[in-house]
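Novice: Contents are mmCIF, C-alpha atoms; file name structure37.cif:
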```cif
data_run
#
loop_
_atom_site.label_atom_id
_atom_site.label_comp_id
_atom_site.auth_asym_id
_atom_site.auth_seq_id
_atom_site.Cartn_x
_atom_site.Cartn_y
_atom_site.Cartn_z
CA MET A 1 9.30 -43.78 -45.84
CA ASP A 2 8.86 -40.47 -44.02
CA ASP A 3 7.62 -40.69 -40.40
CA HIS A 4 6.70 -37.03 -40.06
CA SER A 5 3.98 -35.02 -41.72
CA ASP A 6 3.57 -31.39 -42.69
CA ASP A 7 -0.18 -31.68 -42.36
CA ILE A 8 -1.34 -28.50 -40.54
CA ARG A 9 -4.69 -30.05 -39.68
CA ARG A 10 -3.05 -32.26 -37.07
CA PRO A 11 -2.60 -30.38 -33.76
CA LEU A 12 0.96 -30.25 -32.52
CA SER A 13 0.18 -29.19 -29.00
CA PRO A 14 -2.97 -28.99 -26.88
CA ARG A 15 -1.94 -25.52 -25.71
CA ILE A 16 -1.77 -22.35 -27.76
CA GLU A 17 -0.13 -19.19 -26.46
CA VAL A 18 -0.92 -15.83 -28.01
CA TYR A 19 1.39 -12.90 -27.39
CA ALA A 20 -0.15 -9.52 -28.02
CA GLY A 21 1.77 -6.31 -27.83
CA ALA A 22 5.41 -5.40 -28.13
CA GLY A 23 6.69 -6.80 -24.84
CA ARG A 24 6.55 -5.76 -21.22
CA LYS A 25 3.62 -3.75 -20.00
CA ARG A 26 4.38 -0.42 -18.34
CA TRP A 27 2.32 0.10 -15.19
CA PRO A 28 1.76 3.74 -14.10
CA ASP A 29 2.74 4.38 -10.47
CA ASP A 30 -0.80 5.39 -9.48
CA LEU A 31 -2.18 2.09 -10.82
CA LYS A 32 0.59 0.13 -9.06
CA ALA A 33 -0.27 1.93 -5.83
CA GLN A 34 -3.99 1.22 -6.25
CA ILE A 35 -3.35 -2.50 -6.85
CA ALA A 36 -0.91 -2.73 -3.92
CA ALA A 37 -3.39 -0.97 -1.63
CA GLU A 38 -6.16 -3.33 -2.73
CA SER A 39 -3.94 -6.32 -1.92
CA LEU A 40 -3.33 -4.95 1.59
CA GLU A 41 -7.02 -4.80 2.50
CA PRO A 42 -8.14 -7.32 5.15
CA GLY A 43 -9.01 -10.67 3.60
CA ALA A 44 -7.45 -9.84 0.21
CA ILE A 45 -5.48 -12.57 -1.53
CA VAL A 46 -2.57 -11.32 -3.63
CA THR A 47 -3.08 -13.95 -6.34
CA ASP A 48 -6.73 -12.98 -6.78
CA VAL A 49 -5.91 -9.26 -6.90
CA ALA A 50 -3.17 -9.87 -9.48
CA ARG A 51 -5.46 -12.00 -11.64
CA ARG A 52 -8.20 -9.36 -11.52
CA HIS A 53 -5.80 -6.70 -12.80
CA GLY A 54 -3.97 -8.87 -15.33
CA CYS A 55 -0.58 -8.89 -13.63
CA ARG A 56 1.57 -11.44 -11.85
CA PRO A 57 1.52 -11.95 -8.07
CA GLN A 58 5.29 -11.31 -8.00
CA GLN A 59 4.66 -7.81 -9.36
CA VAL A 60 2.10 -7.09 -6.63
CA HIS A 61 4.52 -8.31 -3.95
CA ASP A 62 7.22 -6.05 -5.42
CA TRP A 63 4.87 -3.04 -5.39
CA ARG A 64 3.95 -3.77 -1.76
CA ARG A 65 7.67 -3.91 -0.88
CA ARG A 66 8.26 -0.60 -2.66
CA ALA A 67 5.36 0.93 -0.70
CA ARG A 68 6.90 -0.25 2.60
CA LEU A 69 10.19 1.35 1.60
CA GLY A 70 8.45 4.63 0.73
CA GLN A 71 9.19 4.31 -2.99
CA LEU A 72 5.50 3.99 -3.90
CA VAL A 73 2.82 6.15 -2.30
CA LEU A 74 -0.41 4.27 -1.63
CA PRO A 75 -3.75 6.05 -1.91
CA ALA A 76 -5.42 6.86 1.40
CA SER A 77 -8.31 4.61 2.30
CA ALA A 78 -11.55 5.83 3.83
CA ASP A 79 -10.41 4.48 7.23
CA THR A 80 -7.20 6.49 7.25
CA LEU A 81 -6.95 9.38 9.64
CA SER A 82 -6.66 12.68 7.91
CA PHE A 83 -5.03 15.87 9.09
CA VAL A 84 -7.01 17.95 11.53
CA PRO A 85 -6.29 21.40 12.87
CA VAL A 86 -4.31 21.58 16.10
CA VAL A 87 -6.09 23.40 18.89
CA SER A 88 -3.98 24.88 21.64
CA GLU A 89 -5.67 25.49 24.98
CA SER A 90 -3.17 28.13 26.01
CA ALA A 91 -1.64 30.40 23.42
CA LEU A 92 1.70 32.05 24.16
CA PRO A 93 2.20 35.68 23.17
CA ALA A 94 4.26 35.98 19.98
CA ALA A 95 7.26 37.47 21.81
CA ALA A 96 7.19 34.99 24.70
CA GLU A 97 9.84 32.32 24.95
CA PRO A 98 8.76 28.92 26.23
CA THR A 99 10.06 28.25 29.72
CA GLY A 100 10.91 24.96 31.35
CA SER A 101 12.65 21.87 30.11
CA ALA A 102 11.71 19.70 27.16
CA GLU A 103 10.68 16.95 29.61
CA ALA A 104 7.92 19.24 30.96
CA THR A 105 6.26 19.40 27.52
CA VAL A 106 3.01 17.46 27.18
CA VAL A 107 1.38 16.68 23.83
CA THR A 108 -2.26 15.69 24.23
CA VAL A 109 -4.13 14.01 21.38
CA GLU A 110 -7.90 13.52 21.61
CA LEU A 111 -9.91 11.71 18.96
CA GLN A 112 -13.52 10.62 19.29
CA GLY A 113 -13.42 10.21 23.03
CA ALA A 114 -9.94 8.66 23.24
CA ARG A 115 -7.20 10.75 24.84
CA VAL A 116 -3.44 10.16 24.78
CA GLU A 117 -0.83 12.30 26.54
CA VAL A 118 2.80 12.14 25.43
CA ARG A 119 5.34 13.71 27.77
CA GLY A 120 8.66 15.14 26.64
CA THR A 121 9.55 15.93 23.05
CA PRO A 122 7.99 13.12 21.01
CA GLY A 123 9.59 12.15 17.73
CA LEU A 124 7.73 11.37 14.54
CA ALA A 125 7.78 7.62 15.26
CA VAL A 126 6.14 8.13 18.69
CA LEU A 127 3.41 10.37 17.28
CA SER A 128 2.82 7.91 14.45
CA ASP A 129 2.36 5.11 17.01
CA VAL A 130 -0.09 7.30 18.96
CA PHE A 131 -2.24 7.92 15.88
CA LEU A 132 -2.16 4.24 14.89
CA ALA A 133 -3.26 3.27 18.40
CA LEU A 134 -6.09 5.78 18.27
CA GLN A 135 -7.14 4.47 14.88
CA ARG A 136 -7.24 0.90 16.24
CA THR A 137 -9.38 1.93 19.22
CA ARG A 138 -11.73 3.74 16.87
CA SER A 139 -12.23 0.66 14.66
CA CYS A 140 -12.95 -1.69 17.60
#
```
Using structure tokens, write down the structure from this file.
Specialist:
Amino acid sequence: MDDHSDDIRRPLSPRIEVYAGAGRKRWPDDLKAQIAAESLEPGAIVTDVARRHGCRPQQVHDWRRRARLGQLVLPASADTLSFVPVVSESALPAAAEPTGSAEATVVTVELQGARVEVRGTPGLAVLSDVFLALQRTRSC
């Protein structure tokens, strides 16, 4: 006697998986950036963000890593400082050459009552730290 049945009315498995589409989903870079930025907001949980957008948490972690490496540009949030015009208190004539050493240079940054002076010739990393510090003092 046969101990198996071809009866299709009997369920074979309690779980059914449905695959729609032709394979892997292609995520546009702007959508990846938006999802990564959302996952970086305070209190955000990567798993919840991924579930909301229909992707896997591993993908979100990869997009965050790519953003840290500069391979994915995140959209600016409302809290982000934007570019402002530089105001010089003393303008040099066009033909004048600056005198003095580079150590005598002072860069002063003022933002909403906070003031930071950087002496010497600051690099991009130093100026970035100055603006991040000013942003933190503004949010406190």
Novice: Just how far from CA of Glu117 (chain A) is CA of Asp129 (chain A), in Å to one decimal?
Specialist: 12.4 Å
Novice: Written as a VMD selection string, what is the full residue list that the PyMOL selection byres ((chain A and resi 63-76) around 6) yields on the file shown?
Specialist: chain A and resid 33 36 60 to 62 77
Novice: Which residue gives the smallest distance to Thr121 (chain A) among A:Arg24, A:Val107, A:Ala44, A:Cys55, with all atoms listed in the file counted?
Specialist: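 Ranked by minimum distance to Thr121 (chain A), first place goes to A:Val107.
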Novice: Could you tell me, as a PDB file with C-alpha atoms, keeping the file's coordinate frame, which residues have any atom at most 8 Å from (2.6, 15.6, 28.3), counting all atoms listed in the file?
Specialist:
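Printed below is part-v3.pdb as written:
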```
ATOM      1  CA  ALA A 104       7.920  19.240  30.960  1.00  0.00           C
ATOM      2  CA  THR A 105       6.260  19.400  27.520  1.00  0.00           C
ATOM      3  CA  VAL A 106       3.010  17.460  27.180  1.00  0.00           C
ATOM      4  CA  VAL A 107       1.380  16.680  23.830  1.00  0.00           C
ATOM      5  CA  THR A 108      -2.260  15.690  24.230  1.00  0.00           C
ATOM      6  CA  GLU A 117      -0.830  12.300  26.540  1.00  0.00           C
ATOM      7  CA  VAL A 118       2.800  12.140  25.430  1.00  0.00           C
ATOM      8  CA  ARG A 119       5.340  13.710  27.770  1.00  0.00           C
ATOM      9  CA  GLY A 120       8.660  15.140  26.640  1.00  0.00           C
TER      10      GLY A 120
END
```
Novice: Using all atoms listed in the file, pick whichever of A:Pro122, A:Leu40, A:Arg136, A:Lys32 has the shortest atom-to-atom distance to His53 (chain A).
Specialist: A:Lys32
Novice: CA of Leu132 (chain A) and CA of Thr47 (chain A), how far apart in Å?
Specialist: 28.0 Å
Novice: Considering all atoms listed in the file, state which residue in the set A:Ala133, A:Leu124, A:Gly54, A:Ala114 is at the smallest distance from Leu31 (chain A).
Specialist: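 Residue with the minimum atom-to-atom distance to Leu31 (chain A): A:Gly54.
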Novice: Just how far from CA of Gln58 (chain A) is CA of Val46 (chain A), in Å to one decimal?
Specialist: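 Here the two named atoms are 9.0 Å from each other.
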Novice: As a compact mmCIF listing (two decimals), keeping the file's coordinate frame, please: region 33-55 of chain A completed to N, CA, C and O atoms.
Specialist:
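Result file follows (part30.txt):
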```
# COMPACT_ATOMS: atom_id res chain seq x y z
N ALA A 33 0.09 1.60 -7.21
CA ALA A 33 -0.27 1.93 -5.83
C ALA A 33 -1.69 1.46 -5.52
O ALA A 33 -1.95 0.93 -4.44
N GLN A 34 -2.60 1.64 -6.46
CA GLN A 34 -3.99 1.22 -6.25
C GLN A 34 -4.07 -0.30 -6.09
O GLN A 34 -4.76 -0.80 -5.21
N ILE A 35 -3.34 -1.03 -6.93
CA ILE A 35 -3.35 -2.50 -6.85
C ILE A 35 -2.70 -2.97 -5.55
O ILE A 35 -3.22 -3.86 -4.87
N ALA A 36 -1.58 -2.36 -5.18
CA ALA A 36 -0.91 -2.73 -3.92
C ALA A 36 -1.81 -2.45 -2.73
O ALA A 36 -1.91 -3.27 -1.81
N ALA A 37 -2.49 -1.31 -2.73
CA ALA A 37 -3.39 -0.97 -1.63
C ALA A 37 -4.55 -1.96 -1.56
O ALA A 37 -4.96 -2.38 -0.47
N GLU A 38 -5.07 -2.35 -2.71
CA GLU A 38 -6.16 -3.33 -2.73
C GLU A 38 -5.71 -4.67 -2.16
O GLU A 38 -6.45 -5.34 -1.45
N SER A 39 -4.45 -5.04 -2.42
CA SER A 39 -3.94 -6.32 -1.92
C SER A 39 -3.68 -6.28 -0.42
O SER A 39 -3.56 -7.32 0.22
N LEU A 40 -3.58 -5.08 0.16
CA LEU A 40 -3.33 -4.95 1.59
C LEU A 40 -4.60 -4.89 2.43
O LEU A 40 -4.54 -4.87 3.65
N GLU A 41 -5.76 -4.85 1.77
CA GLU A 41 -7.02 -4.80 2.50
C GLU A 41 -7.23 -6.13 3.24
O GLU A 41 -6.79 -7.18 2.76
N PRO A 42 -7.91 -6.08 4.39
CA PRO A 42 -8.14 -7.32 5.15
C PRO A 42 -8.89 -8.35 4.31
O PRO A 42 -9.87 -8.03 3.65
N GLY A 43 -8.38 -9.57 4.32
CA GLY A 43 -9.01 -10.67 3.60
C GLY A 43 -8.62 -10.77 2.13
O GLY A 43 -9.03 -11.71 1.45
N ALA A 44 -7.85 -9.82 1.62
CA ALA A 44 -7.45 -9.84 0.21
C ALA A 44 -6.39 -10.90 -0.01
O ALA A 44 -5.52 -11.11 0.83
N ILE A 45 -6.46 -11.57 -1.14
CA ILE A 45 -5.48 -12.57 -1.53
C ILE A 45 -4.73 -12.02 -2.73
O ILE A 45 -5.33 -11.66 -3.74
N VAL A 46 -3.41 -11.96 -2.61
CA VAL A 46 -2.57 -11.32 -3.63
C VAL A 46 -2.80 -11.95 -5.00
O VAL A 46 -2.91 -11.26 -6.01
N THR A 47 -2.89 -13.27 -5.06
CA THR A 47 -3.08 -13.95 -6.34
C THR A 47 -4.38 -13.52 -7.01
O THR A 47 -4.41 -13.28 -8.22
N ASP A 48 -5.44 -13.40 -6.22
CA ASP A 48 -6.73 -12.98 -6.78
C ASP A 48 -6.68 -11.54 -7.27
O ASP A 48 -7.21 -11.22 -8.34
N VAL A 49 -6.04 -10.67 -6.50
CA VAL A 49 -5.91 -9.26 -6.90
C VAL A 49 -5.12 -9.16 -8.19
O VAL A 49 -5.49 -8.44 -9.12
N ALA A 50 -4.02 -9.90 -8.27
CA ALA A 50 -3.17 -9.87 -9.48
C ALA A 50 -3.96 -10.36 -10.69
O ALA A 50 -3.91 -9.75 -11.76
N ARG A 51 -4.67 -11.45 -10.53
CA ARG A 51 -5.46 -12.00 -11.64
C ARG A 51 -6.52 -11.01 -12.12
O ARG A 51 -6.73 -10.84 -13.31
N ARG A 52 -7.17 -10.33 -11.17
CA ARG A 52 -8.20 -9.36 -11.52
C ARG A 52 -7.65 -8.21 -12.36
O ARG A 52 -8.33 -7.67 -13.21
N HIS A 53 -6.40 -7.84 -12.10
CA HIS A 53 -5.80 -6.70 -12.80
C HIS A 53 -4.90 -7.11 -13.95
O HIS A 53 -4.29 -6.25 -14.60
N GLY A 54 -4.77 -8.40 -14.20
CA GLY A 54 -3.97 -8.87 -15.33
C GLY A 54 -2.48 -8.74 -15.13
O GLY A 54 -1.74 -8.48 -16.08
N CYS A 55 -2.02 -8.92 -13.89
CA CYS A 55 -0.58 -8.89 -13.63
C CYS A 55 -0.20 -10.14 -12.85
O CYS A 55 -1.05 -10.95 -12.50
```
